[in-house]
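Here is the file protein.txt (compact mmCIF, C-alpha atoms).
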```txt
# COMPACT_ATOMS: atom_id res chain seq x y z
CA MET A 1 51.63 -30.48 4.97
CA LYS A 2 50.54 -33.86 3.65
CA ASN A 3 49.70 -35.39 0.32
CA THR A 4 48.42 -38.69 1.64
CA HIS A 5 44.97 -39.65 2.83
CA SER A 6 44.21 -38.97 6.50
CA LEU A 7 43.30 -41.87 8.78
CA ASN A 8 40.32 -39.77 9.89
CA THR A 9 37.11 -40.36 7.95
CA PRO A 10 36.29 -37.10 6.15
CA LYS A 11 32.84 -35.71 6.88
CA LEU A 12 30.57 -33.05 5.47
CA SER A 13 29.32 -30.50 7.97
CA GLY A 14 27.31 -27.30 8.31
CA ASN A 15 25.17 -26.50 5.28
CA PHE A 16 26.93 -29.14 3.21
CA ASP A 17 25.25 -32.50 2.66
CA LYS A 18 25.40 -34.90 -0.26
CA THR A 19 21.87 -34.24 -1.51
CA LEU A 20 22.37 -30.48 -1.52
CA LEU A 21 25.78 -30.70 -3.22
CA GLN A 22 24.37 -32.97 -5.93
CA ARG A 23 21.57 -30.45 -6.50
CA VAL A 24 24.02 -27.54 -6.72
CA ALA A 25 26.20 -29.45 -9.20
CA ARG A 26 23.18 -30.19 -11.41
CA GLU A 27 22.08 -26.55 -11.37
CA PHE A 28 25.43 -24.79 -11.82
CA GLY A 29 27.73 -27.44 -13.29
CA THR A 30 31.25 -28.40 -12.27
CA PRO A 31 33.94 -27.61 -11.32
CA LEU A 32 32.37 -25.32 -8.76
CA TYR A 33 33.12 -23.55 -5.48
CA VAL A 34 30.38 -23.65 -2.82
CA TYR A 35 30.49 -21.49 0.33
CA ASP A 36 28.57 -21.80 3.59
CA PHE A 37 27.79 -18.18 4.53
CA ASP A 38 26.26 -19.20 7.87
CA ARG A 39 29.58 -20.74 8.85
CA ILE A 40 31.46 -17.62 7.70
CA GLN A 41 29.34 -15.60 10.14
CA GLU A 42 29.92 -18.14 12.92
CA LYS A 43 33.71 -18.02 12.53
CA TYR A 44 33.77 -14.21 12.43
CA GLU A 45 31.66 -14.00 15.59
CA GLN A 46 33.93 -16.47 17.40
CA LEU A 47 36.80 -14.03 17.07
CA LYS A 48 34.69 -11.04 18.09
CA VAL A 49 33.62 -12.86 21.24
CA ALA A 50 37.19 -14.01 21.98
CA PHE A 51 38.37 -10.38 22.13
CA GLY A 52 35.22 -9.17 23.86
CA GLY A 53 35.71 -6.36 26.35
CA ARG A 54 38.76 -4.96 24.56
CA LYS A 55 38.92 -2.34 21.83
CA THR A 56 39.19 -4.56 18.78
CA MET A 57 38.76 -4.37 15.03
CA ILE A 58 38.56 -7.52 12.91
CA CYS A 59 39.90 -6.78 9.42
CA TYR A 60 39.17 -9.67 7.08
CA ALA A 61 42.15 -10.57 4.84
CA LEU A 62 40.72 -10.31 1.34
CA LYS A 63 43.54 -12.36 -0.20
CA ALA A 64 41.99 -15.52 1.27
CA ASN A 65 38.78 -15.14 -0.73
CA SER A 66 37.94 -11.85 -2.44
CA ASN A 67 34.50 -12.64 -3.86
CA LEU A 68 32.39 -9.48 -3.50
CA SER A 69 29.50 -11.34 -1.89
CA VAL A 70 31.84 -12.88 0.72
CA ILE A 71 33.21 -9.43 1.54
CA LYS A 72 29.69 -7.94 1.62
CA LYS A 73 28.62 -10.62 4.10
CA LEU A 74 31.52 -9.69 6.38
CA ALA A 75 30.82 -5.98 5.92
CA SER A 76 27.29 -6.64 7.21
CA LEU A 77 28.92 -8.06 10.36
CA GLU A 78 30.95 -4.81 10.76
CA SER A 79 34.24 -6.29 9.58
CA GLY A 80 37.08 -4.18 8.30
CA ALA A 81 39.45 -5.17 5.48
CA ASP A 82 43.11 -6.10 5.26
CA CYS A 83 44.11 -5.34 1.65
CA VAL A 84 47.35 -6.07 -0.18
CA SER A 85 46.62 -4.28 -3.46
CA LEU A 86 44.71 -1.30 -4.77
CA GLY A 87 42.40 -3.82 -6.42
CA GLU A 88 41.51 -5.30 -3.05
CA ILE A 89 40.84 -1.82 -1.66
CA LYS A 90 38.45 -1.20 -4.57
CA ARG A 91 36.76 -4.54 -3.94
CA ALA A 92 36.31 -3.69 -0.26
CA ILE A 93 34.74 -0.35 -1.18
CA LEU A 94 32.36 -2.00 -3.66
CA ALA A 95 31.30 -4.52 -1.01
CA GLY A 96 30.56 -1.84 1.59
CA ILE A 97 33.56 -1.89 3.94
CA PRO A 98 34.00 1.63 5.41
CA LYS A 99 37.25 3.29 4.34
CA TYR A 100 38.17 3.99 7.97
CA LYS A 101 38.28 0.21 8.54
CA MET A 102 40.73 -0.52 5.70
CA ILE A 103 44.43 -1.31 6.04
CA TYR A 104 46.81 -1.44 3.09
CA SER A 105 49.70 -3.91 3.44
CA GLY A 106 52.20 -5.58 1.09
CA VAL A 107 55.89 -5.21 0.25
CA GLY A 108 55.58 -3.82 -3.29
CA LYS A 109 53.20 -0.86 -3.27
CA GLN A 110 53.59 1.44 -6.28
CA GLU A 111 53.36 5.23 -6.22
CA PHE A 112 50.00 5.40 -7.99
CA GLU A 113 48.55 2.86 -5.53
CA ILE A 114 49.81 4.79 -2.51
CA LYS A 115 48.40 8.06 -3.83
CA GLU A 116 45.02 6.48 -4.51
CA ALA A 117 44.91 4.95 -1.02
CA LEU A 118 45.68 8.35 0.50
CA LYS A 119 42.96 10.01 -1.57
CA ILE A 120 40.45 7.37 -0.50
CA GLY A 121 41.34 8.01 3.14
CA ILE A 122 41.87 4.48 4.46
CA LEU A 123 42.74 3.94 8.13
CA PHE A 124 46.49 3.51 7.56
CA ILE A 125 49.17 2.12 5.29
CA ASN A 126 51.41 -0.66 6.65
CA VAL A 127 54.91 0.19 5.44
CA GLU A 128 57.45 -2.60 5.05
CA SER A 129 60.73 -0.75 4.47
CA LYS A 130 62.35 2.63 5.04
CA GLU A 131 62.42 3.23 1.29
CA GLU A 132 58.69 2.60 1.06
CA MET A 133 58.02 4.92 4.00
CA LEU A 134 59.92 7.71 2.26
CA LEU A 135 57.83 7.15 -0.88
CA VAL A 136 54.65 7.36 1.19
CA GLU A 137 55.95 10.62 2.69
CA SER A 138 56.68 11.98 -0.80
CA CYS A 139 53.20 11.05 -2.03
CA ALA A 140 51.60 12.65 1.02
CA LYS A 141 53.58 15.84 0.46
CA LYS A 142 52.60 16.05 -3.22
CA LEU A 143 48.92 15.54 -2.37
CA GLY A 144 48.94 17.69 0.75
CA ILE A 145 47.38 14.79 2.67
CA PRO A 146 49.12 13.56 5.85
CA ALA A 147 49.64 9.79 5.65
CA ARG A 148 48.63 7.63 8.58
CA ILE A 149 51.06 4.73 8.76
CA SER A 150 52.02 1.62 10.67
CA VAL A 151 55.37 -0.16 10.41
CA ARG A 152 55.39 -3.90 9.88
CA VAL A 153 57.95 -5.26 12.31
CA ASN A 154 59.57 -8.63 11.77
CA PRO A 155 59.99 -10.22 15.23
CA ASP A 156 62.26 -13.02 13.87
CA ILE A 157 60.13 -15.74 15.46
CA ASP A 158 59.74 -19.20 13.88
CA PRO A 159 55.99 -19.59 13.23
CA GLN A 160 56.31 -23.39 12.83
CA THR A 161 54.39 -23.51 9.57
CA HIS A 162 55.13 -24.26 5.90
CA PRO A 163 58.15 -22.25 4.64
CA TYR A 164 56.12 -20.74 1.78
CA ILE A 165 53.68 -19.13 4.23
CA SER A 166 56.17 -18.16 6.94
CA THR A 167 56.53 -14.38 7.10
CA GLY A 168 58.10 -13.53 10.47
CA LEU A 169 61.69 -14.70 10.15
CA LYS A 170 64.63 -12.49 9.21
CA GLU A 171 65.09 -14.41 5.94
CA ASN A 172 61.50 -13.59 4.88
CA LYS A 173 60.86 -10.59 2.63
CA PHE A 174 58.29 -9.02 4.95
CA GLY A 175 58.73 -6.18 7.41
CA VAL A 176 61.79 -4.70 9.10
CA SER A 177 63.84 -5.60 12.17
CA ILE A 178 63.00 -4.14 15.57
CA GLU A 179 66.06 -1.88 15.47
CA GLU A 180 65.24 -0.58 11.99
CA ALA A 181 61.64 -0.04 13.02
CA LYS A 182 62.74 2.24 15.88
CA GLY A 183 64.62 4.47 13.47
CA MET A 184 61.69 4.56 11.05
CA TYR A 185 59.27 5.59 13.79
CA LEU A 186 61.57 8.40 14.87
CA LEU A 187 61.83 9.69 11.29
CA ALA A 188 58.06 9.45 10.82
CA HIS A 189 57.45 11.25 14.13
CA GLN A 190 59.56 14.17 12.90
CA SER A 191 57.86 14.36 9.49
CA LYS A 192 55.13 16.88 8.65
CA TYR A 193 53.48 14.38 6.33
CA LEU A 194 53.60 11.11 8.26
CA GLU A 195 51.44 10.12 11.22
CA PRO A 196 52.70 6.88 12.82
CA ILE A 197 49.56 5.59 14.55
CA GLY A 198 50.00 1.81 14.44
CA ILE A 199 52.45 -1.04 14.85
CA HIS A 200 52.09 -4.33 13.01
CA PHE A 201 53.41 -7.88 12.90
CA HIS A 202 52.30 -11.02 11.09
CA ILE A 203 54.51 -14.10 11.41
CA GLY A 204 52.80 -16.48 8.99
CA SER A 205 49.75 -18.38 7.87
CA GLN A 206 48.20 -21.68 9.02
CA LEU A 207 49.56 -21.22 12.55
CA THR A 208 48.72 -24.06 14.95
CA LYS A 209 50.96 -23.16 17.92
CA LEU A 210 50.30 -20.40 20.46
CA LYS A 211 53.86 -19.96 21.66
CA PRO A 212 55.23 -18.16 18.54
CA ILE A 213 52.24 -15.79 18.60
CA ALA A 214 52.73 -14.94 22.29
CA GLU A 215 56.50 -14.46 21.84
CA SER A 216 55.92 -12.13 18.89
CA ALA A 217 53.29 -10.13 20.77
CA GLN A 218 55.71 -9.78 23.70
CA LYS A 219 58.53 -8.45 21.49
CA ILE A 220 56.31 -5.98 19.67
CA ALA A 221 54.63 -4.85 22.91
CA GLN A 222 58.08 -4.01 24.36
CA LEU A 223 58.85 -1.96 21.26
CA THR A 224 55.49 -0.21 21.58
CA HIS A 225 56.22 0.79 25.17
CA SER A 226 59.51 2.35 24.08
CA LEU A 227 57.78 4.27 21.26
CA LEU A 228 55.10 5.61 23.59
CA ALA A 229 57.86 6.74 25.96
CA LEU A 230 59.23 8.80 23.05
CA LYS A 231 55.79 10.47 22.68
CA ILE A 232 55.03 8.59 19.45
CA ASP A 233 51.25 8.26 19.65
CA ILE A 234 50.62 4.61 18.73
CA LYS A 235 46.90 3.83 18.78
CA PHE A 236 46.65 0.46 16.98
CA PHE A 237 48.36 -2.84 17.80
CA ASP A 238 47.97 -4.98 14.67
CA ILE A 239 48.62 -8.66 15.37
CA GLY A 240 48.07 -9.85 11.80
CA GLY A 241 46.21 -13.07 11.13
CA GLY A 242 47.27 -16.61 10.39
CA ILE A 243 45.19 -18.78 12.75
CA GLY A 244 45.24 -22.25 11.22
CA ILE A 245 42.35 -24.56 10.39
CA THR A 246 41.90 -28.33 10.26
CA TYR A 247 42.67 -29.79 6.85
CA SER A 248 43.40 -33.31 8.12
CA ASP A 249 44.12 -33.93 11.79
CA GLU A 250 45.78 -30.67 12.89
CA ALA A 251 45.18 -29.52 16.47
CA THR A 252 44.12 -25.92 15.94
CA ILE A 253 44.15 -22.83 18.15
CA ASN A 254 41.05 -21.99 20.15
CA PRO A 255 40.05 -18.34 19.45
CA TYR A 256 39.75 -17.54 23.17
CA ASP A 257 43.23 -18.95 23.87
CA TYR A 258 44.56 -16.97 20.91
CA ALA A 259 43.11 -13.73 22.28
CA GLN A 260 44.42 -14.41 25.77
CA ALA A 261 47.91 -15.20 24.46
CA VAL A 262 48.04 -11.76 22.84
CA LEU A 263 46.28 -9.83 25.59
CA GLY A 264 48.54 -11.39 28.21
CA GLU A 265 51.52 -9.58 26.66
CA LEU A 266 49.93 -6.11 26.45
CA HIS A 267 50.53 -5.03 30.02
CA GLY A 268 49.68 -1.34 30.40
CA LEU A 269 48.90 -0.82 26.70
CA ASP A 270 45.47 0.69 26.09
CA LEU A 271 45.41 0.27 22.32
CA THR A 272 42.91 -0.92 19.72
CA ILE A 273 43.84 -4.46 18.74
CA ILE A 274 43.55 -5.24 15.04
CA CYS A 275 43.26 -8.86 13.94
CA GLU A 276 43.45 -9.87 10.26
CA PRO A 277 41.90 -13.36 9.83
CA GLY A 278 41.34 -14.85 6.40
CA ARG A 279 41.70 -18.64 6.29
CA PHE A 280 40.18 -18.96 9.79
CA ILE A 281 36.92 -17.41 8.57
CA VAL A 282 36.52 -18.85 5.08
CA GLY A 283 38.81 -21.91 4.85
CA ASN A 284 36.45 -24.58 6.17
CA SER A 285 33.45 -22.60 4.93
CA GLY A 286 34.11 -23.65 1.34
CA ILE A 287 34.04 -26.83 -0.76
CA PHE A 288 35.31 -27.45 -4.29
CA LEU A 289 33.05 -29.75 -6.30
CA THR A 290 34.44 -31.66 -9.25
CA LYS A 291 33.08 -34.36 -11.57
CA VAL A 292 34.73 -37.63 -12.51
CA LEU A 293 35.59 -37.92 -16.20
CA TYR A 294 37.57 -41.15 -16.42
CA GLN A 295 39.40 -43.79 -14.42
CA LYS A 296 42.54 -45.62 -15.49
CA GLU A 297 45.29 -47.76 -14.05
CA HIS A 298 49.00 -47.90 -14.89
CA GLN A 299 50.28 -51.19 -13.52
CA SER A 300 49.24 -50.92 -9.85
CA LYS A 301 48.57 -47.14 -9.91
CA ARG A 302 44.96 -45.92 -10.03
CA PHE A 303 44.09 -42.48 -11.43
CA VAL A 304 40.73 -40.72 -11.12
CA ILE A 305 40.60 -37.97 -13.76
CA VAL A 306 38.24 -35.10 -12.91
CA ASP A 307 37.12 -31.85 -14.54
CA GLY A 308 38.72 -29.70 -11.82
CA ALA A 309 42.42 -28.93 -12.07
CA MET A 310 45.41 -27.10 -10.64
CA ASN A 311 44.23 -23.89 -12.30
CA ASP A 312 41.08 -24.11 -10.12
CA LEU A 313 42.77 -25.23 -6.88
CA ILE A 314 46.56 -24.86 -6.95
CA ARG A 315 47.36 -25.46 -3.27
CA PRO A 316 48.16 -29.19 -3.65
CA SER A 317 50.56 -28.49 -6.54
CA LEU A 318 52.04 -25.32 -5.05
CA TYR A 319 52.44 -26.26 -1.38
CA ASN A 320 51.96 -30.03 -1.51
CA ALA A 321 48.91 -29.11 0.56
CA TYR A 322 46.45 -31.74 1.72
CA HIS A 323 42.67 -31.46 1.25
CA GLN A 324 40.26 -34.17 2.34
CA ILE A 325 38.35 -35.58 -0.64
CA ILE A 326 34.93 -37.19 -0.30
CA SER A 327 33.09 -39.22 -2.89
CA LEU A 328 29.37 -38.49 -3.05
CA VAL A 329 28.97 -42.13 -4.15
CA GLU A 330 28.67 -44.47 -1.17
CA SER A 331 30.37 -47.86 -1.24
CA GLN A 332 31.94 -50.30 1.19
CA SER A 333 34.73 -50.99 -1.28
CA VAL A 334 37.57 -48.46 -1.52
CA SER A 335 41.08 -48.37 -2.94
CA PRO A 336 43.80 -45.69 -3.14
CA ALA A 337 43.78 -43.33 -6.11
CA ASP A 338 45.42 -40.12 -7.29
CA VAL A 339 42.82 -37.49 -8.16
CA VAL A 340 44.18 -35.62 -11.17
CA GLY A 341 42.98 -32.92 -13.56
CA PRO A 342 43.05 -32.36 -17.34
CA ILE A 343 45.96 -29.89 -17.38
CA CYS A 344 49.10 -30.86 -19.28
CA GLU A 345 51.37 -30.98 -16.19
CA SER A 346 52.43 -33.93 -14.04
CA GLY A 347 51.92 -31.61 -11.06
CA ASP A 348 48.21 -31.28 -11.86
CA TYR A 349 46.71 -33.22 -8.97
CA LEU A 350 44.16 -32.49 -6.24
CA GLY A 351 44.99 -35.42 -3.99
CA LYS A 352 47.27 -38.46 -3.85
CA ASN A 353 46.59 -41.90 -2.39
CA VAL A 354 42.99 -40.98 -1.61
CA SER A 355 40.74 -43.86 -0.52
CA LEU A 356 37.86 -43.83 -3.00
CA PRO A 357 35.17 -46.28 -4.12
CA PRO A 358 34.83 -47.45 -7.74
CA LEU A 359 33.79 -44.41 -9.75
CA GLN A 360 32.41 -43.65 -13.17
CA ASN A 361 31.81 -40.68 -15.45
CA GLY A 362 29.57 -38.10 -13.79
CA ASP A 363 30.21 -39.10 -10.17
CA LEU A 364 30.98 -36.17 -7.85
CA LEU A 365 33.90 -35.55 -5.51
CA ALA A 366 33.82 -32.86 -2.80
CA ILE A 367 37.19 -31.35 -1.89
CA LEU A 368 36.98 -29.90 1.61
CA SER A 369 38.54 -26.85 3.26
CA ALA A 370 38.68 -25.02 -0.08
CA GLY A 371 37.20 -21.66 0.92
CA ALA A 372 40.58 -19.97 1.40
CA TYR A 373 43.24 -19.58 -1.29
CA GLY A 374 41.13 -21.60 -3.70
CA PHE A 375 39.34 -19.40 -6.19
CA SER A 376 41.46 -16.38 -5.21
CA MET A 377 44.57 -18.18 -6.55
CA ALA A 378 42.83 -19.64 -9.63
CA SER A 379 44.16 -18.96 -13.13
CA ASN A 380 43.28 -19.48 -16.78
CA TYR A 381 46.21 -21.79 -17.50
CA ASN A 382 45.57 -23.97 -20.58
CA THR A 383 42.87 -21.39 -21.51
CA ARG A 384 40.52 -22.89 -18.94
CA PRO A 385 37.69 -20.57 -17.86
CA ARG A 386 37.52 -20.10 -14.11
CA CYS A 387 34.60 -21.84 -12.46
CA ALA A 388 31.45 -20.45 -10.87
CA GLU A 389 30.97 -19.68 -7.15
CA VAL A 390 27.80 -20.37 -5.18
CA ALA A 391 26.65 -19.32 -1.68
CA ILE A 392 24.39 -21.19 0.72
CA GLU A 393 22.79 -19.05 3.44
CA ASN A 394 19.70 -19.63 5.58
CA GLY A 395 18.80 -22.60 3.42
CA GLN A 396 18.92 -20.55 0.22
CA ILE A 397 21.28 -21.18 -2.70
CA ARG A 398 22.47 -18.37 -4.95
CA LEU A 399 25.06 -17.78 -7.63
CA ILE A 400 27.69 -15.21 -6.58
CA ARG A 401 30.00 -15.46 -9.59
CA LYS A 402 29.04 -16.88 -12.96
CA ARG A 403 31.28 -19.31 -14.81
CA GLU A 404 33.69 -17.64 -17.23
CA SER A 405 33.41 -18.29 -20.96
CA ILE A 406 36.05 -18.53 -23.67
CA GLU A 407 34.71 -15.17 -24.87
CA ASP A 408 35.57 -13.65 -21.49
CA LEU A 409 39.12 -14.98 -21.76
CA VAL A 410 39.83 -13.49 -25.19
CA ALA A 411 37.92 -10.21 -24.73
CA LEU A 412 41.06 -8.14 -24.04
CA GLU A 413 42.99 -9.66 -26.96
CA LYS A 414 40.72 -10.16 -29.97
CA ASP A 415 40.65 -6.46 -30.97
CA TYR A 416 44.42 -6.64 -31.54
CA LEU A 417 44.46 -9.54 -34.01
```
Would you mind writing the file out in structure tokens?
Amino acid sequence: MKNTHSLNTPKLSGNFDKTLLQRVAREFGTPLYVYDFDRIQEKYEQLKVAFGGRKTMICYALKANSNLSVIKKLASLESGADCVSLGEIKRAILAGIPKYKMIYSGVGKQEFEIKEALKIGILFINVESKEEMLLVESCAKKLGIPARISVRVNPDIDPQTHPYISTGLKENKFGVSIEEAKGMYLLAHQSKYLEPIGIHFHIGSQLTKLKPIAESAQKIAQLTHSLLALKIDIKFFDIGGGIGITYSDEATINPYDYAQAVLGELHGLDLTIICEPGRFIVGNSGIFLTKVLYQKEHQSKRFVIVDGAMNDLIRPSLYNAYHQIISLVESQSVSPADVVGPICESGDYLGKNVSLPPLQNGDLLAILSAGAYGFSMASNYNTRPRCAEVAIENGQIRLIRKRESIEDLVALEKDYL
């Protein structure tokens, strides 16, 4: 990942244009997240078409962006949901995702969460260790509800992505080895309270190479064949998500090529393929708008201080992630600047060495590719209220989450003074 300005000239696209963004900022204030719902639909449909002709279920990964209106939009397109907490399951239900299209993943599920998921009747629980599987079995026995499960298998393939978002190597905390998975499936097959119906792998996020995906699919397909030979009735082949997007100049994976890379390894397997995209659908469908407060220079270093901060968009600070930044002020004159926020941390920056024109208080910057892992990772650090979220769809603008207030932040504390 980069923290320097791309040589490519950043451009606004889709429903985003400077006039519209200026209007939205005037109406709803800044900092602000803005989402293009027409593009969300376009990206979802690209994947559906790519897997056309095969039994497929697209389960949107809520962790990327869990706004209820975003989920509701995808529910209207017949999406399922990949959830990693009970809270995300509840969000999916509120937004209209059918329970039989929900998957519950994650390495740290608690007993009360497992029981609630079983009561709700979701499609299956992805288990990530033998110990967890035994807890699921215990919960199912106590409730008298057989638990449909899948085992997350770690294929030990290098996904060639940032270490923080790599999940398919043996040193990562996710999943179990192929050998351990075999033993878990045999135990589950013998249990009265476990129904092993799926097999799952997910090697990482922001993937831009097909080879690791194909190699992983091949390994897990071989394991699936051996399980079917043992009369373990696997019905779902869950390939996870992780297709990367363009933040700067990355060459990304074509959805059709992605589908063919997976399908090419499933010789003789008539299973429903589950895909769990998040970033691919919402990443480039969102922009973060922020307003210039001040400019200053230290010796030869230029700083543009804005009202958005690392609590609003933490990816640059957390991953050293790069986001293209566009000034809505046009000028032929530009110079490099660090775009920084008001938070009391040296790591509070949104971009470094960004080519920007002369700016003044009130000018707007648009930070691109902010629809995934933007608001969903936001915090209230420095007692900063989280910003509002706005949708644009069919030419219409609407608020989908109001801006928090200081009263919202202290509501759960003030009664205990």
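Atom pair atom CA of A:Arg398 / atom CA of A:Lys72 has a distance of 14.3 Å (rounded to one decimal).
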For A:Ile243, the closest of A:Glu42, A:Glu276, A:Glu180, A:Glu215 counting all atoms listed in the file is A:Glu276
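When atom CA of A:Cys387 is paired with atom CA of A:Val24, their separation reads 13.3 Å.
Going from atom CA of A:Phe28 over to atom CA of A:Val354, you cover 26.0 Å.
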Please provide the set of residues having any atom within 12 Å of A:Asp257, restricted to all atoms listed in the file, with same-chain residues fewer than 2 positions apart removed, written as a PyMOL selection string.
chain A and resi 46-47+49-51+208-211+213-214+243+252-255+259-264
Expected file: the selected residues, C-alpha atoms, as a CSV table (one decimal), in the frame of the given file:
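Written out: result10.csv:
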```csv
chain,number,residue,atom,x,y,z
A,46,GLN,CA,33.9,-16.5,17.4
A,47,LEU,CA,36.8,-14.0,17.1
A,49,VAL,CA,33.6,-12.9,21.2
A,50,ALA,CA,37.2,-14.0,22.0
A,51,PHE,CA,38.4,-10.4,22.1
A,208,THR,CA,48.7,-24.1,15.0
A,209,LYS,CA,51.0,-23.2,17.9
A,210,LEU,CA,50.3,-20.4,20.5
A,211,LYS,CA,53.9,-20.0,21.7
A,213,ILE,CA,52.2,-15.8,18.6
A,214,ALA,CA,52.7,-14.9,22.3
A,243,ILE,CA,45.2,-18.8,12.8
A,252,THR,CA,44.1,-25.9,15.9
A,253,ILE,CA,44.2,-22.8,18.2
A,254,ASN,CA,41.0,-22.0,20.2
A,255,PRO,CA,40.0,-18.3,19.4
A,259,ALA,CA,43.1,-13.7,22.3
A,260,GLN,CA,44.4,-14.4,25.8
A,261,ALA,CA,47.9,-15.2,24.5
A,262,VAL,CA,48.0,-11.8,22.8
A,263,LEU,CA,46.3,-9.8,25.6
A,264,GLY,CA,48.5,-11.4,28.2
```
Residues at most 10 Å from A:Leu94, counting only C-alpha atoms, excluding those fewer than 6 positions away in the same chain, as an NGL selection string?
:A and (68-69 or 71-72 or 88)
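Of the listed residues (A:Ala95, A:Ile125, A:Val339, A:Leu228), A:Ile125 comes nearest to A:Val107; the distances count only C-alpha atoms.
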Option closest in space to A:Glu345, from A:Asn382, A:Thr30, A:Ser369, A:Ser327 [counting all atoms listed in the file]:
A:Asn382
Got a sec: who's within 9 Å of A:Pro155, counting only C-alpha atoms, leaving out chain neighbours fewer than 5 positions off, as a ChimeraX atom specification?
/A:168-170,175-178,201-203,215-217,219-220
Please tabulate, as a Markdown table, the residues of stretch 7-37 of chain A that come within 12 Å of stretch 370-381 of chain A, each with its closest pair of atoms and the distance in Å to one decimal, counting all atoms listed in the file and ordering rows by chain, then residue number upward.
```
| residue | atom | partner | partner_atom | distance |
| --- | --- | --- | --- | --- |
| A:Pro31 | CA | A:Phe375 | CA | 11.1 |
| A:Leu32 | CA | A:Phe375 | CA | 9.5 |
| A:Tyr33 | CA | A:Phe375 | CA | 7.5 |
| A:Val34 | CA | A:Gly371 | CA | 8.0 |
| A:Tyr35 | CA | A:Gly371 | CA | 6.7 |
| A:Asp36 | CA | A:Gly371 | CA | 9.0 |
| A:Phe37 | CA | A:Gly371 | CA | 10.7 |
```
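Distances here use only C-alpha atoms; by that measure, the residue among A:Gly240, A:Arg26, A:Ser335, A:Gly52 closest to A:Ser105 is A:Gly240.
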For each of A:Arg91, A:Lys115, A:Lys63, A:Lys99, take the minimum atom-to-atom distance to A:Val282, counting all atoms listed in the file, then give the residue where this is smallest.
A:Lys63
All residues 6 Å or closer to A:Gly341, all atoms listed in the file, same chain fewer than 3 positions away omitted, as a PyMOL selection string
chain A and resi 305-306+308-309+348-349
Could you dump the residues just selected with C-alpha atoms as a compact mmCIF listing (two decimals), keeping the file's coordinate frame?
```
# COMPACT_ATOMS: atom_id res chain seq x y z
CA ILE A 305 40.60 -37.97 -13.76
CA VAL A 306 38.24 -35.10 -12.91
CA GLY A 308 38.72 -29.70 -11.82
CA ALA A 309 42.42 -28.93 -12.07
CA ASP A 348 48.21 -31.28 -11.86
CA TYR A 349 46.71 -33.22 -8.97
```
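The smallest atom-to-atom distance between A:Ser13 and any of A:Asp38, A:Asp363, A:Glu195, A:Glu137, using only C-alpha atoms, is found for A:Asp38.
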